[in-house]
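The data block below is query-v4.cif; it holds mmCIF, N, CA and C atoms.
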```cif
data_my_file
loop_
_atom_site.label_atom_id
_atom_site.label_comp_id
_atom_site.auth_asym_id
_atom_site.auth_seq_id
_atom_site.Cartn_x
_atom_site.Cartn_y
_atom_site.Cartn_z
N GLY A 164 -55.38 78.04 3.77
CA GLY A 164 -54.08 78.34 4.32
C GLY A 164 -53.31 79.29 3.42
N ILE A 165 -52.21 79.67 3.93
CA ILE A 165 -51.31 80.57 3.20
C ILE A 165 -50.28 79.75 2.44
N THR A 166 -50.09 80.07 1.19
CA THR A 166 -49.06 79.44 0.38
C THR A 166 -47.87 80.38 0.28
N VAL A 167 -46.72 79.89 0.65
CA VAL A 167 -45.50 80.69 0.60
C VAL A 167 -44.60 80.07 -0.46
N PRO A 168 -44.22 80.85 -1.46
CA PRO A 168 -43.37 80.28 -2.51
C PRO A 168 -41.95 80.02 -1.99
N HIS A 169 -41.34 78.98 -2.49
CA HIS A 169 -39.93 78.70 -2.20
C HIS A 169 -39.14 79.18 -3.40
N ILE A 170 -38.22 80.09 -3.17
CA ILE A 170 -37.45 80.68 -4.25
C ILE A 170 -35.97 80.38 -3.99
N ALA A 171 -35.38 79.60 -4.85
CA ALA A 171 -33.98 79.22 -4.69
C ALA A 171 -33.06 80.37 -5.11
N ASP A 172 -31.91 80.44 -4.47
CA ASP A 172 -30.89 81.40 -4.88
C ASP A 172 -30.48 81.09 -6.33
N PRO A 173 -30.11 82.11 -7.09
CA PRO A 173 -29.77 81.88 -8.50
C PRO A 173 -28.52 81.04 -8.70
N ALA A 174 -27.63 81.04 -7.72
CA ALA A 174 -26.42 80.22 -7.79
C ALA A 174 -26.06 79.83 -6.36
N PRO A 175 -25.63 78.60 -6.16
CA PRO A 175 -25.29 78.17 -4.80
C PRO A 175 -24.02 78.87 -4.30
N GLY A 176 -23.96 79.03 -2.98
CA GLY A 176 -22.74 79.53 -2.36
C GLY A 176 -22.57 81.04 -2.34
N LEU A 177 -23.58 81.79 -2.74
CA LEU A 177 -23.45 83.24 -2.74
C LEU A 177 -23.72 83.87 -1.38
N GLY A 178 -24.35 83.12 -0.49
CA GLY A 178 -24.69 83.66 0.82
C GLY A 178 -25.86 84.63 0.72
N PRO A 179 -25.93 85.59 1.64
CA PRO A 179 -27.07 86.51 1.66
C PRO A 179 -27.27 87.32 0.38
N ILE A 180 -26.20 87.61 -0.35
CA ILE A 180 -26.37 88.37 -1.59
C ILE A 180 -27.16 87.54 -2.61
N GLY A 181 -27.03 86.21 -2.54
CA GLY A 181 -27.81 85.33 -3.40
C GLY A 181 -29.28 85.38 -3.05
N ALA A 182 -29.57 85.48 -1.75
CA ALA A 182 -30.97 85.62 -1.33
C ALA A 182 -31.55 86.93 -1.85
N LEU A 183 -30.75 87.99 -1.83
CA LEU A 183 -31.22 89.27 -2.36
C LEU A 183 -31.48 89.15 -3.86
N ALA A 184 -30.60 88.47 -4.58
CA ALA A 184 -30.79 88.30 -6.02
C ALA A 184 -32.06 87.50 -6.31
N ALA A 185 -32.30 86.44 -5.55
CA ALA A 185 -33.52 85.66 -5.73
C ALA A 185 -34.74 86.51 -5.42
N GLY A 186 -34.66 87.29 -4.35
CA GLY A 186 -35.77 88.18 -3.99
C GLY A 186 -36.03 89.23 -5.03
N PHE A 187 -34.96 89.82 -5.57
CA PHE A 187 -35.13 90.82 -6.63
C PHE A 187 -35.84 90.20 -7.83
N GLY A 188 -35.44 88.99 -8.22
CA GLY A 188 -36.07 88.34 -9.36
C GLY A 188 -37.55 88.10 -9.12
N PHE A 189 -37.89 87.63 -7.92
CA PHE A 189 -39.29 87.38 -7.58
C PHE A 189 -40.08 88.70 -7.55
N ALA A 190 -39.51 89.72 -6.90
CA ALA A 190 -40.20 91.00 -6.79
C ALA A 190 -40.42 91.63 -8.16
N ALA A 191 -39.40 91.59 -9.01
CA ALA A 191 -39.54 92.17 -10.34
C ALA A 191 -40.62 91.44 -11.13
N GLY A 192 -40.66 90.12 -11.01
CA GLY A 192 -41.68 89.33 -11.69
C GLY A 192 -43.08 89.62 -11.19
N ALA A 193 -43.18 90.05 -9.94
CA ALA A 193 -44.48 90.38 -9.35
C ALA A 193 -44.83 91.85 -9.54
N GLY A 194 -43.96 92.60 -10.21
CA GLY A 194 -44.23 94.01 -10.44
C GLY A 194 -43.95 94.91 -9.25
N CYS A 195 -43.13 94.45 -8.32
CA CYS A 195 -42.80 95.24 -7.12
C CYS A 195 -41.49 95.98 -7.33
N ASP A 196 -41.41 97.20 -6.82
CA ASP A 196 -40.18 97.95 -6.97
C ASP A 196 -39.32 97.98 -5.70
N ARG A 197 -39.84 97.40 -4.62
CA ARG A 197 -39.09 97.31 -3.37
C ARG A 197 -39.21 95.90 -2.80
N LEU A 198 -38.20 95.52 -2.03
CA LEU A 198 -38.17 94.21 -1.40
C LEU A 198 -37.66 94.35 0.02
N LEU A 199 -38.38 93.77 0.97
CA LEU A 199 -37.93 93.70 2.35
C LEU A 199 -37.20 92.37 2.51
N LEU A 200 -35.92 92.43 2.78
CA LEU A 200 -35.11 91.24 3.01
C LEU A 200 -34.84 91.13 4.50
N ILE A 201 -35.20 90.00 5.08
CA ILE A 201 -34.90 89.76 6.50
C ILE A 201 -34.30 88.38 6.64
N GLY A 202 -33.42 88.24 7.62
CA GLY A 202 -32.80 86.96 7.88
C GLY A 202 -33.76 86.03 8.61
N CYS A 203 -33.74 84.77 8.24
CA CYS A 203 -34.61 83.80 8.90
C CYS A 203 -34.16 83.51 10.33
N ASP A 204 -32.98 83.99 10.69
CA ASP A 204 -32.45 83.75 12.04
C ASP A 204 -32.51 85.00 12.91
N GLN A 205 -33.44 85.89 12.61
CA GLN A 205 -33.62 87.13 13.36
C GLN A 205 -35.01 87.14 14.00
N PRO A 206 -35.19 86.45 15.13
CA PRO A 206 -36.52 86.30 15.69
C PRO A 206 -37.07 87.51 16.44
N PHE A 207 -36.27 88.55 16.65
CA PHE A 207 -36.72 89.65 17.50
C PHE A 207 -36.90 90.97 16.74
N LEU A 208 -37.08 90.91 15.44
CA LEU A 208 -37.21 92.13 14.65
C LEU A 208 -38.35 93.00 15.17
N PRO A 209 -38.15 94.32 15.18
CA PRO A 209 -39.19 95.22 15.69
C PRO A 209 -40.42 95.24 14.79
N ALA A 210 -41.58 95.36 15.41
CA ALA A 210 -42.85 95.38 14.67
C ALA A 210 -42.94 96.56 13.71
N ASP A 211 -42.23 97.64 14.01
CA ASP A 211 -42.29 98.83 13.15
C ASP A 211 -41.17 98.88 12.12
N LEU A 212 -40.49 97.76 11.88
CA LEU A 212 -39.36 97.73 10.95
C LEU A 212 -39.76 98.25 9.57
N LEU A 213 -40.74 97.63 8.94
CA LEU A 213 -41.10 98.01 7.57
C LEU A 213 -41.58 99.46 7.46
N PRO A 214 -42.50 99.93 8.30
CA PRO A 214 -42.92 101.32 8.12
C PRO A 214 -41.78 102.33 8.34
N ARG A 215 -40.89 102.05 9.26
CA ARG A 215 -39.78 102.99 9.49
C ARG A 215 -38.80 102.99 8.33
N LEU A 216 -38.52 101.80 7.77
CA LEU A 216 -37.62 101.74 6.62
C LEU A 216 -38.28 102.38 5.40
N ALA A 217 -39.58 102.15 5.21
CA ALA A 217 -40.30 102.74 4.08
C ALA A 217 -40.29 104.26 4.17
N ALA A 218 -40.41 104.80 5.38
CA ALA A 218 -40.38 106.25 5.55
C ALA A 218 -39.00 106.81 5.28
N ALA A 219 -37.96 106.01 5.49
CA ALA A 219 -36.59 106.48 5.34
C ALA A 219 -36.05 106.37 3.92
N ILE A 220 -36.56 105.45 3.12
CA ILE A 220 -35.91 105.10 1.85
C ILE A 220 -35.92 106.23 0.81
N ALA A 221 -36.99 106.95 0.67
CA ALA A 221 -37.14 108.11 -0.22
C ALA A 221 -36.01 108.33 -1.22
N GLY A 222 -35.99 107.56 -2.29
CA GLY A 222 -35.04 107.77 -3.38
C GLY A 222 -33.70 107.09 -3.21
N ALA A 223 -33.43 106.48 -2.07
CA ALA A 223 -32.18 105.77 -1.85
C ALA A 223 -32.28 104.35 -2.42
N GLY A 224 -31.15 103.70 -2.60
CA GLY A 224 -31.13 102.34 -3.10
C GLY A 224 -31.56 101.32 -2.07
N ALA A 225 -31.40 101.68 -0.79
CA ALA A 225 -31.80 100.79 0.30
C ALA A 225 -31.97 101.61 1.57
N ALA A 226 -32.81 101.12 2.45
CA ALA A 226 -32.92 101.68 3.80
C ALA A 226 -32.61 100.54 4.76
N LEU A 227 -31.61 100.75 5.60
CA LEU A 227 -31.15 99.72 6.51
C LEU A 227 -31.25 100.21 7.95
N PRO A 228 -31.63 99.33 8.86
CA PRO A 228 -31.66 99.75 10.26
C PRO A 228 -30.25 99.86 10.81
N ALA A 229 -30.09 100.76 11.76
CA ALA A 229 -28.81 100.92 12.44
C ALA A 229 -29.09 101.02 13.93
N ARG A 230 -28.22 100.42 14.70
CA ARG A 230 -28.36 100.44 16.16
C ARG A 230 -26.97 100.64 16.75
N GLY A 231 -26.80 101.73 17.47
CA GLY A 231 -25.49 102.02 18.05
C GLY A 231 -24.41 102.14 17.00
N GLY A 232 -24.75 102.67 15.83
CA GLY A 232 -23.78 102.83 14.76
C GLY A 232 -23.55 101.59 13.92
N GLN A 233 -24.13 100.47 14.31
CA GLN A 233 -23.99 99.21 13.58
C GLN A 233 -25.13 99.06 12.59
N VAL A 234 -24.81 99.02 11.29
CA VAL A 234 -25.82 98.88 10.24
C VAL A 234 -26.13 97.40 10.05
N GLU A 235 -27.41 97.07 9.88
CA GLU A 235 -27.85 95.68 9.73
C GLU A 235 -28.43 95.47 8.33
N PRO A 236 -27.61 95.02 7.37
CA PRO A 236 -28.11 94.85 5.99
C PRO A 236 -29.03 93.65 5.80
N LEU A 237 -29.10 92.75 6.78
CA LEU A 237 -29.98 91.59 6.64
C LEU A 237 -31.40 91.87 7.11
N ALA A 238 -31.72 93.11 7.37
CA ALA A 238 -33.09 93.49 7.73
C ALA A 238 -33.39 94.80 7.02
N GLY A 239 -33.24 94.80 5.71
CA GLY A 239 -33.35 96.04 4.98
C GLY A 239 -34.43 96.07 3.91
N LEU A 240 -34.80 97.28 3.56
CA LEU A 240 -35.73 97.53 2.47
C LEU A 240 -34.91 97.99 1.27
N TRP A 241 -35.03 97.29 0.17
CA TRP A 241 -34.20 97.52 -1.01
C TRP A 241 -35.03 97.95 -2.21
N GLN A 242 -34.51 98.90 -2.99
CA GLN A 242 -35.08 99.20 -4.30
C GLN A 242 -34.66 98.06 -5.22
N VAL A 243 -35.60 97.46 -5.90
CA VAL A 243 -35.29 96.34 -6.79
C VAL A 243 -34.54 96.86 -8.01
N ASP A 244 -33.31 96.41 -8.18
CA ASP A 244 -32.48 96.80 -9.32
C ASP A 244 -31.67 95.57 -9.74
N GLU A 245 -32.33 94.69 -10.49
CA GLU A 245 -31.69 93.44 -10.91
C GLU A 245 -30.40 93.67 -11.71
N PRO A 246 -30.37 94.59 -12.68
CA PRO A 246 -29.13 94.77 -13.44
C PRO A 246 -27.95 95.21 -12.56
N ALA A 247 -28.19 96.12 -11.64
CA ALA A 247 -27.11 96.58 -10.77
C ALA A 247 -26.61 95.45 -9.87
N LEU A 248 -27.51 94.66 -9.33
CA LEU A 248 -27.11 93.55 -8.48
C LEU A 248 -26.37 92.48 -9.29
N ALA A 249 -26.86 92.18 -10.47
CA ALA A 249 -26.18 91.19 -11.32
C ALA A 249 -24.77 91.64 -11.65
N ALA A 250 -24.59 92.92 -11.95
CA ALA A 250 -23.25 93.44 -12.25
C ALA A 250 -22.36 93.38 -11.01
N TYR A 251 -22.90 93.68 -9.86
CA TYR A 251 -22.15 93.63 -8.60
C TYR A 251 -21.67 92.20 -8.33
N ILE A 252 -22.56 91.24 -8.49
CA ILE A 252 -22.20 89.83 -8.25
C ILE A 252 -21.20 89.36 -9.30
N ALA A 253 -21.42 89.70 -10.57
CA ALA A 253 -20.51 89.30 -11.64
C ALA A 253 -19.10 89.85 -11.42
N GLY A 254 -19.02 91.00 -10.77
CA GLY A 254 -17.72 91.60 -10.46
C GLY A 254 -17.09 91.04 -9.19
N GLY A 255 -17.71 90.02 -8.60
CA GLY A 255 -17.16 89.40 -7.41
C GLY A 255 -17.75 89.89 -6.11
N GLY A 256 -18.70 90.81 -6.17
CA GLY A 256 -19.31 91.35 -4.95
C GLY A 256 -20.14 90.30 -4.24
N ARG A 257 -19.95 90.19 -2.93
CA ARG A 257 -20.71 89.22 -2.14
C ARG A 257 -21.29 89.85 -0.87
N SER A 258 -20.98 91.08 -0.60
CA SER A 258 -21.38 91.74 0.64
C SER A 258 -22.66 92.54 0.46
N LEU A 259 -23.66 92.26 1.30
CA LEU A 259 -24.88 93.08 1.28
C LEU A 259 -24.54 94.53 1.61
N HIS A 260 -23.68 94.70 2.60
CA HIS A 260 -23.31 96.07 2.99
C HIS A 260 -22.60 96.78 1.83
N GLY A 261 -21.73 96.07 1.13
CA GLY A 261 -21.04 96.65 -0.02
C GLY A 261 -22.00 97.05 -1.12
N PHE A 262 -22.99 96.20 -1.39
CA PHE A 262 -23.98 96.53 -2.41
C PHE A 262 -24.82 97.72 -1.96
N ALA A 263 -25.19 97.75 -0.69
CA ALA A 263 -25.96 98.89 -0.17
C ALA A 263 -25.18 100.18 -0.34
N GLN A 264 -23.90 100.15 -0.05
CA GLN A 264 -23.07 101.35 -0.23
C GLN A 264 -23.02 101.75 -1.70
N ALA A 265 -22.87 100.78 -2.59
CA ALA A 265 -22.81 101.06 -4.02
C ALA A 265 -24.13 101.66 -4.53
N GLN A 266 -25.24 101.26 -3.92
CA GLN A 266 -26.56 101.74 -4.35
C GLN A 266 -26.97 103.03 -3.65
N GLY A 267 -26.21 103.46 -2.67
CA GLY A 267 -26.58 104.66 -1.92
C GLY A 267 -27.67 104.37 -0.93
N HIS A 268 -27.30 103.90 0.25
CA HIS A 268 -28.31 103.55 1.26
C HIS A 268 -28.44 104.63 2.32
N VAL A 269 -29.57 104.59 2.98
CA VAL A 269 -29.83 105.45 4.13
C VAL A 269 -30.07 104.53 5.32
N THR A 270 -30.01 105.09 6.52
CA THR A 270 -30.27 104.28 7.71
C THR A 270 -31.45 104.85 8.49
N ALA A 271 -32.08 103.95 9.21
CA ALA A 271 -33.11 104.31 10.18
C ALA A 271 -32.56 103.83 11.52
N ASP A 272 -32.48 104.73 12.49
CA ASP A 272 -31.83 104.41 13.76
C ASP A 272 -32.79 103.84 14.79
N TRP A 273 -32.31 102.83 15.50
CA TRP A 273 -33.00 102.25 16.65
C TRP A 273 -32.15 102.51 17.87
N PRO A 274 -32.76 102.62 19.04
CA PRO A 274 -32.00 102.88 20.27
C PRO A 274 -30.98 101.78 20.54
N ALA A 275 -29.80 102.19 21.03
CA ALA A 275 -28.73 101.24 21.32
C ALA A 275 -28.95 100.50 22.63
N GLU A 276 -29.73 101.09 23.53
CA GLU A 276 -29.94 100.43 24.82
C GLU A 276 -31.01 99.34 24.69
N GLY A 277 -31.00 98.44 25.66
CA GLY A 277 -31.98 97.35 25.66
C GLY A 277 -31.54 96.19 24.80
N ALA A 278 -32.40 95.20 24.72
CA ALA A 278 -32.11 94.00 23.95
C ALA A 278 -32.04 94.33 22.46
N ASP A 279 -31.14 93.68 21.76
CA ASP A 279 -30.91 93.94 20.34
C ASP A 279 -32.04 93.33 19.50
N PRO A 280 -32.85 94.16 18.84
CA PRO A 280 -33.93 93.62 18.01
C PRO A 280 -33.42 92.96 16.73
N PHE A 281 -32.13 93.17 16.41
CA PHE A 281 -31.56 92.62 15.18
C PHE A 281 -30.63 91.44 15.44
N ALA A 282 -30.64 90.95 16.67
CA ALA A 282 -29.81 89.80 17.02
C ALA A 282 -30.19 88.61 16.14
N ASN A 283 -29.16 87.88 15.72
CA ASN A 283 -29.44 86.68 14.95
C ASN A 283 -28.87 85.47 15.67
N ILE A 284 -29.30 84.31 15.23
CA ILE A 284 -28.93 83.07 15.89
C ILE A 284 -28.06 82.26 14.93
N ASN A 285 -26.76 82.22 15.24
CA ASN A 285 -25.82 81.49 14.40
C ASN A 285 -25.10 80.37 15.12
N THR A 286 -25.10 80.39 16.44
CA THR A 286 -24.33 79.43 17.23
C THR A 286 -25.21 78.86 18.34
N PRO A 287 -24.78 77.76 18.95
CA PRO A 287 -25.52 77.26 20.12
C PRO A 287 -25.61 78.31 21.24
N ALA A 288 -24.58 79.11 21.41
CA ALA A 288 -24.62 80.17 22.43
C ALA A 288 -25.67 81.22 22.08
N ASP A 289 -25.78 81.57 20.80
CA ASP A 289 -26.82 82.52 20.37
C ASP A 289 -28.20 81.95 20.64
N LEU A 290 -28.39 80.66 20.38
CA LEU A 290 -29.68 80.03 20.62
C LEU A 290 -30.02 80.03 22.11
N ALA A 291 -29.03 79.73 22.94
CA ALA A 291 -29.26 79.75 24.38
C ALA A 291 -29.64 81.15 24.85
N ALA A 292 -28.96 82.18 24.33
CA ALA A 292 -29.29 83.57 24.69
C ALA A 292 -30.70 83.93 24.24
N ALA A 293 -31.09 83.48 23.04
CA ALA A 293 -32.45 83.76 22.55
C ALA A 293 -33.49 83.07 23.43
N ASN A 294 -33.20 81.84 23.82
CA ASN A 294 -34.13 81.13 24.71
C ASN A 294 -34.27 81.84 26.05
N ARG A 295 -33.18 82.35 26.60
CA ARG A 295 -33.24 83.11 27.85
C ARG A 295 -34.07 84.37 27.67
N ARG A 296 -33.92 84.99 26.53
CA ARG A 296 -34.66 86.23 26.24
C ARG A 296 -36.16 85.94 26.13
N LEU A 297 -36.51 84.81 25.54
CA LEU A 297 -37.91 84.45 25.38
C LEU A 297 -38.54 83.90 26.65
N THR A 298 -37.70 83.32 27.49
CA THR A 298 -38.20 82.70 28.71
C THR A 298 -37.34 83.18 29.89
N PRO A 299 -37.65 84.37 30.41
CA PRO A 299 -36.86 84.87 31.53
C PRO A 299 -36.84 83.85 32.68
N GLY A 300 -35.68 83.74 33.29
CA GLY A 300 -35.54 82.80 34.39
C GLY A 300 -34.90 81.49 33.99
N LEU A 301 -34.67 81.30 32.69
CA LEU A 301 -33.99 80.08 32.23
C LEU A 301 -32.54 80.09 32.63
#
```
Once more with this new file: its structure as structure tokens, please.
Amino acid sequence: GITVPHIADPAPGLGPIGALAAGFGFAAGAGCDRLLLIGCDQPFLPADLLPRLAAAIAGAGAALPARGGQVEPLAGLWQVDEPALAAYIAGGGRSLHGFAQAQGHVTADWPAEGADPFANINTPADLAAANRRLTPGL
């Protein structure tokens, strides 16, 4: 079987920026210079997410998908930069989008029409919508 490591956030209560910090630490320890961060509540991510972000990143601090002008930092490819992220968090930074802006991010665009591939599930209504999407006719 596949073994998936469980990596705790470096400090509780940081939200998604804490997940990025944990991921950066793991990636750096594994000798990786990039990290794909995706939300566990995003079940419809496009199959071509990673290759499109990898093609877009070229020297930027992050490549984030955008759809209809809306940037999605929870499905991004990041250059691993632990010192910059640690300084951002120490200064009170908690926003993935804010860190992406500070690092100089680029976007890869997805079509605005059709179902949102970056939709996440945060509420019972979101879950019901996802179930309808997975099972037409519900």
For the provided coordinates, the residues matched by the PyMOL selection byres ((chain A and resi 227-243) around 7) should be stated as a PyMOL selection string. chain A and resi 187+191+195-202+216-217+223-226+244-246+259-260+268-276
Please define a box with edges along x, y and z of the file around all atoms of region 234-248 of chain A given in the file, extend it by 3 Å on each side, and return its centre and edge lengths in Å to one decimal, as lines of an AutoDock Vina configuration file.
```
center_x = -30.3
center_y = 95.4
center_z = -1.1
size_x = 16.9
size_y = 13.6
size_z = 30.7
```
Would you please give, as a ChimeraX atom specification, all residues of region 213-269 of chain A that DSSP assigns to alpha helix (DSSP H) based on the backbone? /A:213-220,245-253,259-266
If you run DSSP on the backbone here, which positions in region 183-240 of chain A get strand (DSSP E or B)? Please write them as a PyMOL selection string. chain A and resi 197-201+225-230+233-234+238-240
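Going from CA of Gln205 (chain A) to CA of Gly254 (chain A) covers 29.0 Å.
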Got a sec to resolve the PyMOL selection byres ((chain A and resi 208) around 8) on this structure and send the residues as a count of residues only? 12
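The coordinates place atom N of Arg257 (chain A) at 11.9 Å from atom N of Gly176 (chain A).
Atom to atom, CA of Leu213 (chain A) and CA of Ala253 (chain A) stand 29.5 Å apart.
For the choices A:Leu297, A:Leu290, A:Ala263, A:Ala184, the atom-to-atom distance to Ala249 (chain A) is smallest for A:Ala184 when using only N, CA and C atoms.
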Can region 247-257 of chain A be brought up to all heavy atoms and written out as a PDB file, keeping the file's coordinate frame?
```pdb
ATOM      1  N   ALA A 247     -28.190  96.120 -11.640  1.00  0.00           N
ATOM      2  CA  ALA A 247     -27.110  96.580 -10.770  1.00  0.00           C
ATOM      3  C   ALA A 247     -26.610  95.450  -9.870  1.00  0.00           C
ATOM      4  O   ALA A 247     -25.387  95.293  -9.687  1.00  0.00           O
ATOM      5  CB  ALA A 247     -27.570  97.764  -9.911  1.00  0.00           C
ATOM      6  N   LEU A 248     -27.510  94.660  -9.330  1.00  0.00           N
ATOM      7  CA  LEU A 248     -27.110  93.550  -8.480  1.00  0.00           C
ATOM      8  C   LEU A 248     -26.370  92.480  -9.290  1.00  0.00           C
ATOM      9  O   LEU A 248     -25.359  91.947  -8.833  1.00  0.00           O
ATOM     10  CB  LEU A 248     -28.305  92.958  -7.740  1.00  0.00           C
ATOM     11  CG  LEU A 248     -27.988  91.816  -6.767  1.00  0.00           C
ATOM     12  CD1 LEU A 248     -26.938  92.234  -5.736  1.00  0.00           C
ATOM     13  CD2 LEU A 248     -29.249  91.346  -6.087  1.00  0.00           C
ATOM     14  N   ALA A 249     -26.860  92.180 -10.470  1.00  0.00           N
ATOM     15  CA  ALA A 249     -26.180  91.190 -11.320  1.00  0.00           C
ATOM     16  C   ALA A 249     -24.770  91.640 -11.650  1.00  0.00           C
ATOM     17  O   ALA A 249     -23.822  90.827 -11.612  1.00  0.00           O
ATOM     18  CB  ALA A 249     -26.985  90.949 -12.596  1.00  0.00           C
ATOM     19  N   ALA A 250     -24.590  92.920 -11.950  1.00  0.00           N
ATOM     20  CA  ALA A 250     -23.250  93.440 -12.250  1.00  0.00           C
ATOM     21  C   ALA A 250     -22.360  93.380 -11.010  1.00  0.00           C
ATOM     22  O   ALA A 250     -21.174  93.037 -11.101  1.00  0.00           O
ATOM     23  CB  ALA A 250     -23.354  94.871 -12.767  1.00  0.00           C
ATOM     24  N   TYR A 251     -22.900  93.680  -9.860  1.00  0.00           N
ATOM     25  CA  TYR A 251     -22.150  93.630  -8.600  1.00  0.00           C
ATOM     26  C   TYR A 251     -21.670  92.200  -8.330  1.00  0.00           C
ATOM     27  O   TYR A 251     -20.497  91.979  -8.013  1.00  0.00           O
ATOM     28  CB  TYR A 251     -23.029  94.150  -7.465  1.00  0.00           C
ATOM     29  CG  TYR A 251     -22.386  94.113  -6.101  1.00  0.00           C
ATOM     30  CD1 TYR A 251     -21.443  95.071  -5.732  1.00  0.00           C
ATOM     31  CD2 TYR A 251     -22.733  93.136  -5.181  1.00  0.00           C
ATOM     32  CE1 TYR A 251     -20.856  95.039  -4.475  1.00  0.00           C
ATOM     33  CE2 TYR A 251     -22.157  93.101  -3.927  1.00  0.00           C
ATOM     34  CZ  TYR A 251     -21.214  94.056  -3.570  1.00  0.00           C
ATOM     35  OH  TYR A 251     -20.633  94.019  -2.335  1.00  0.00           O
ATOM     36  N   ILE A 252     -22.560  91.240  -8.490  1.00  0.00           N
ATOM     37  CA  ILE A 252     -22.200  89.830  -8.250  1.00  0.00           C
ATOM     38  C   ILE A 252     -21.200  89.360  -9.300  1.00  0.00           C
ATOM     39  O   ILE A 252     -20.218  88.685  -8.978  1.00  0.00           O
ATOM     40  CB  ILE A 252     -23.468  88.954  -8.222  1.00  0.00           C
ATOM     41  CG1 ILE A 252     -24.301  89.283  -6.980  1.00  0.00           C
ATOM     42  CG2 ILE A 252     -23.101  87.472  -8.250  1.00  0.00           C
ATOM     43  CD1 ILE A 252     -25.677  88.631  -6.954  1.00  0.00           C
ATOM     44  N   ALA A 253     -21.420  89.700 -10.570  1.00  0.00           N
ATOM     45  CA  ALA A 253     -20.510  89.300 -11.640  1.00  0.00           C
ATOM     46  C   ALA A 253     -19.100  89.850 -11.420  1.00  0.00           C
ATOM     47  O   ALA A 253     -18.110  89.217 -11.787  1.00  0.00           O
ATOM     48  CB  ALA A 253     -21.043  89.753 -12.998  1.00  0.00           C
ATOM     49  N   GLY A 254     -19.020  91.000 -10.770  1.00  0.00           N
ATOM     50  CA  GLY A 254     -17.720  91.600 -10.460  1.00  0.00           C
ATOM     51  C   GLY A 254     -17.090  91.040  -9.190  1.00  0.00           C
ATOM     52  O   GLY A 254     -16.066  91.550  -8.738  1.00  0.00           O
ATOM     53  N   GLY A 255     -17.710  90.020  -8.600  1.00  0.00           N
ATOM     54  CA  GLY A 255     -17.160  89.400  -7.410  1.00  0.00           C
ATOM     55  C   GLY A 255     -17.750  89.890  -6.110  1.00  0.00           C
ATOM     56  O   GLY A 255     -17.357  89.442  -5.036  1.00  0.00           O
ATOM     57  N   GLY A 256     -18.700  90.810  -6.170  1.00  0.00           N
ATOM     58  CA  GLY A 256     -19.310  91.350  -4.950  1.00  0.00           C
ATOM     59  C   GLY A 256     -20.140  90.300  -4.240  1.00  0.00           C
ATOM     60  O   GLY A 256     -20.935  89.610  -4.871  1.00  0.00           O
ATOM     61  N   ARG A 257     -19.950  90.190  -2.930  1.00  0.00           N
ATOM     62  CA  ARG A 257     -20.710  89.220  -2.140  1.00  0.00           C
ATOM     63  C   ARG A 257     -21.290  89.850  -0.870  1.00  0.00           C
ATOM     64  O   ARG A 257     -22.038  89.203  -0.150  1.00  0.00           O
ATOM     65  CB  ARG A 257     -19.831  88.032  -1.728  1.00  0.00           C
ATOM     66  CG  ARG A 257     -19.287  87.215  -2.889  1.00  0.00           C
ATOM     67  CD  ARG A 257     -20.412  86.533  -3.644  1.00  0.00           C
ATOM     68  NE  ARG A 257     -19.946  85.716  -4.748  1.00  0.00           N
ATOM     69  CZ  ARG A 257     -19.840  86.115  -6.005  1.00  0.00           C
ATOM     70  NH1 ARG A 257     -20.158  87.354  -6.340  1.00  0.00           N
ATOM     71  NH2 ARG A 257     -19.430  85.305  -6.938  1.00  0.00           N
TER      72      ARG A 257
END
```
